[in-house]
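Student: Supplied in structure tokens, the structure appears directly below.
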Amino acid sequence: MNDDVAALGRIWSTRAGIDLGPLDLIPDGKARSYVLQIGAARFHGFVVRKGEAVVGYVDRCPHAGLPLAQALDQYLTPDGDLIMCSWHGAVFTVEEGTCVGGPCVGARLSPWPVEAREGRIVTA
Ligand code: FES
């Protein structure tokens, strides 16, 4: 992390065990943005739901470092099969966060470990 980012109070990971709310906040096959205020710092991430499973990533595209969605919660391609960055069209696998099309093929989103536990989403 460089000094400018640190000065803005942005952090890129969270501790385990933070309750992010009910699993049902995310419709099956959709994604949701989360912003966590942790002390003076903020974390920006998103979670994709597939059935009872969830996968999370830091909301930062490896192409140019921007948050992926320009419209709230719009992290997926229309068919819901891939994560898509709204800026230059990079697409990523949901399961691994690997870029499979667009300007940064082979790069990866940074994982944000989350899990579904008794109907809640919790950081892992
Ligand atoms: S910033 Fe995501 S594709 Fe360029």
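Ordering of the structure tokens sets the chain letters (A, B, ...); residue numbers start at 1 within each chain; ligands are numbered from 1 in the order shown.
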Find the residues around A:Asp73 up to 9 Å (only C-alpha atoms counted), leave out those fewer than 6 positions away in its own chain, and share them as number ranges by chain.
Tutor: A: 30-33, 46
Student: Would you save the residues from that selection as a short mmCIF file (atom, residue, chain, number, x, y, z; two decimals), in the first residue's frame, using N, CA and C atoms?
Tutor:
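For reference, out.cif as written:
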```cif
data_model
loop_
_atom_site.label_atom_id
_atom_site.label_comp_id
_atom_site.auth_asym_id
_atom_site.auth_seq_id
_atom_site.Cartn_x
_atom_site.Cartn_y
_atom_site.Cartn_z
N LYS A 30 -26.73 -13.29 -7.95
CA LYS A 30 -26.44 -11.86 -8.03
C LYS A 30 -25.25 -11.52 -7.14
N ALA A 31 -24.92 -10.23 -7.12
CA ALA A 31 -23.79 -9.76 -6.32
C ALA A 31 -24.20 -8.53 -5.53
N ARG A 32 -23.41 -8.23 -4.50
CA ARG A 32 -23.74 -7.09 -3.65
C ARG A 32 -22.45 -6.43 -3.17
N SER A 33 -22.50 -5.12 -3.11
CA SER A 33 -21.38 -4.32 -2.62
C SER A 33 -21.43 -4.22 -1.10
N PHE A 46 -17.03 -6.89 -2.56
CA PHE A 46 -18.33 -7.36 -3.05
C PHE A 46 -18.39 -8.87 -2.92
#
```
Student: Can you list every residue in chain A that DSSP puts in alpha helix (DSSP H), as a ChimeraX atom specification?
Tutor: /A:3-8
Student: Using only C-alpha atoms for the distances, tell me which of A:Asp28, A:Gly80, A:Cys99, A:Pro111 is nearest to A:Ala53.
Tutor: A:Asp28
Student: Please list as a list in words every residue within 10 Å of A:His44, counting only C-alpha atoms and excluding residues in the same chain fewer than 5 positions away.
Tutor: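 Contacts, with the query itself left out: Arg10, Ile11, Trp12, Ser13, Thr14, Ser33, Tyr34, Val35, Leu36, Gln37, Tyr57, Val58, Asp59, Arg60, Pro67 and Trp112 of chain A.
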Student: Taking only C-alpha atoms and all ligand atoms into account, name the residue in A:Pro22, A:Gly56, A:Gly65, A:Gly29 that is nearest to ligand 1.
Tutor: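 Nearest to ligand 1: A:Gly65.
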Student: Chain A near ligand 1 within 7 Å: what's each residue's closest atom pair and its distance in Å to one decimal, counting only C-alpha atoms and all ligand atoms, ordered by chain then ascending residue number, as CSV?
Tutor:
```
residue,atom,partner,partner_atom_place_in_ligand_line,distance
A:Cys61,CA,ligand 1,2 (Fe),4.6
A:Pro62,CA,ligand 1,2 (Fe),6.6
A:His63,CA,ligand 1,4 (Fe),4.7
A:Ala64,CA,ligand 1,1 (S),4.1
A:Gly65,CA,ligand 1,1 (S),5.7
A:Leu66,CA,ligand 1,1 (S),4.9
A:Leu68,CA,ligand 1,2 (Fe),5.9
A:Cys85,CA,ligand 1,2 (Fe),4.6
A:Ser86,CA,ligand 1,2 (Fe),6.5
A:Trp87,CA,ligand 1,4 (Fe),5.1
A:His88,CA,ligand 1,3 (S),3.8
A:Gly89,CA,ligand 1,3 (S),5.0
A:Ala90,CA,ligand 1,3 (S),4.3
A:Gly102,CA,ligand 1,3 (S),6.7
A:Pro103,CA,ligand 1,3 (S),6.1
```
Student: Could you save the residues just selected, with C-alpha atoms, as an mmCIF file, in the first residue's frame?
Tutor:
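As a result, again.cif now contains:
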```cif
data_model
loop_
_atom_site.group_PDB
_atom_site.id
_atom_site.type_symbol
_atom_site.label_atom_id
_atom_site.label_comp_id
_atom_site.auth_asym_id
_atom_site.auth_seq_id
_atom_site.Cartn_x
_atom_site.Cartn_y
_atom_site.Cartn_z
ATOM 1 C CA CYS A 61 -9.902 -4.088 -10.644
ATOM 2 C CA PRO A 62 -6.373 -5.367 -11.368
ATOM 3 C CA HIS A 63 -6.386 -3.488 -14.686
ATOM 4 C CA ALA A 64 -6.403 0.122 -13.466
ATOM 5 C CA GLY A 65 -7.194 -0.149 -9.776
ATOM 6 C CA LEU A 66 -10.761 1.153 -10.042
ATOM 7 C CA LEU A 68 -15.533 -2.517 -10.686
ATOM 8 C CA CYS A 85 -15.545 -4.566 -14.639
ATOM 9 C CA SER A 86 -17.690 -1.718 -15.938
ATOM 10 C CA TRP A 87 -14.754 0.469 -16.999
ATOM 11 C CA HIS A 88 -12.938 -1.407 -19.759
ATOM 12 C CA GLY A 89 -14.818 -4.705 -19.885
ATOM 13 C CA ALA A 90 -12.467 -7.082 -18.079
ATOM 14 C CA GLY A 102 -10.492 -7.820 -21.671
ATOM 15 C CA PRO A 103 -7.377 -5.790 -20.934
#
```
Student: Fewer than 5 positions away in the same chain doesn't count, so skip those; otherwise give me all residues within 8 Å of A:Glu115, counting only C-alpha atoms, as a ChimeraX atom specification.
Tutor: /A:53-55,121-124
Student: Would you write out those residues with N, CA and C atoms, as a short mmCIF file (atom, residue, chain, number, x, y, z; two decimals), in the first residue's frame?
Tutor:
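Heads up, here's the output in result_11.cif:
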```
data_model
loop_
_atom_site.label_atom_id
_atom_site.label_comp_id
_atom_site.auth_asym_id
_atom_site.auth_seq_id
_atom_site.Cartn_x
_atom_site.Cartn_y
_atom_site.Cartn_z
N ALA A 53 -23.75 -20.87 -1.66
CA ALA A 53 -22.32 -20.54 -1.59
C ALA A 53 -22.10 -19.06 -1.90
N VAL A 54 -21.08 -18.50 -1.31
CA VAL A 54 -20.71 -17.11 -1.57
C VAL A 54 -19.21 -17.03 -1.82
N VAL A 55 -18.84 -16.03 -2.64
CA VAL A 55 -17.43 -15.76 -2.86
C VAL A 55 -17.26 -14.25 -2.85
N ILE A 121 -23.91 -14.15 6.11
CA ILE A 121 -22.62 -14.05 5.44
C ILE A 121 -21.63 -13.49 6.46
N VAL A 122 -20.49 -14.18 6.57
CA VAL A 122 -19.50 -13.85 7.60
C VAL A 122 -18.12 -13.82 6.95
N THR A 123 -17.28 -12.86 7.32
CA THR A 123 -15.92 -12.88 6.82
C THR A 123 -15.17 -14.06 7.41
N ALA A 124 -14.27 -14.62 6.60
CA ALA A 124 -13.55 -15.84 7.02
C ALA A 124 -12.06 -15.57 7.13
#
```
Student: What does the distance from atom CA of A:Met84 to atom CA of A:Glu118 come to in Å, to one decimal?
Tutor: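 Atom-to-atom, atom CA of A:Met84 to atom CA of A:Glu118, that is 28.9 Å.
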Student: Please give the complete set of residues from chain A that DSSP, run on the backbone, assigns to strand (DSSP E or B), formatted as an MDAnalysis selection string.
Tutor: chainID A and resid 10:11 19:22 31:38 41:50 53:58 76 82:84 91:93 98:101 108 111 114:117 120:123
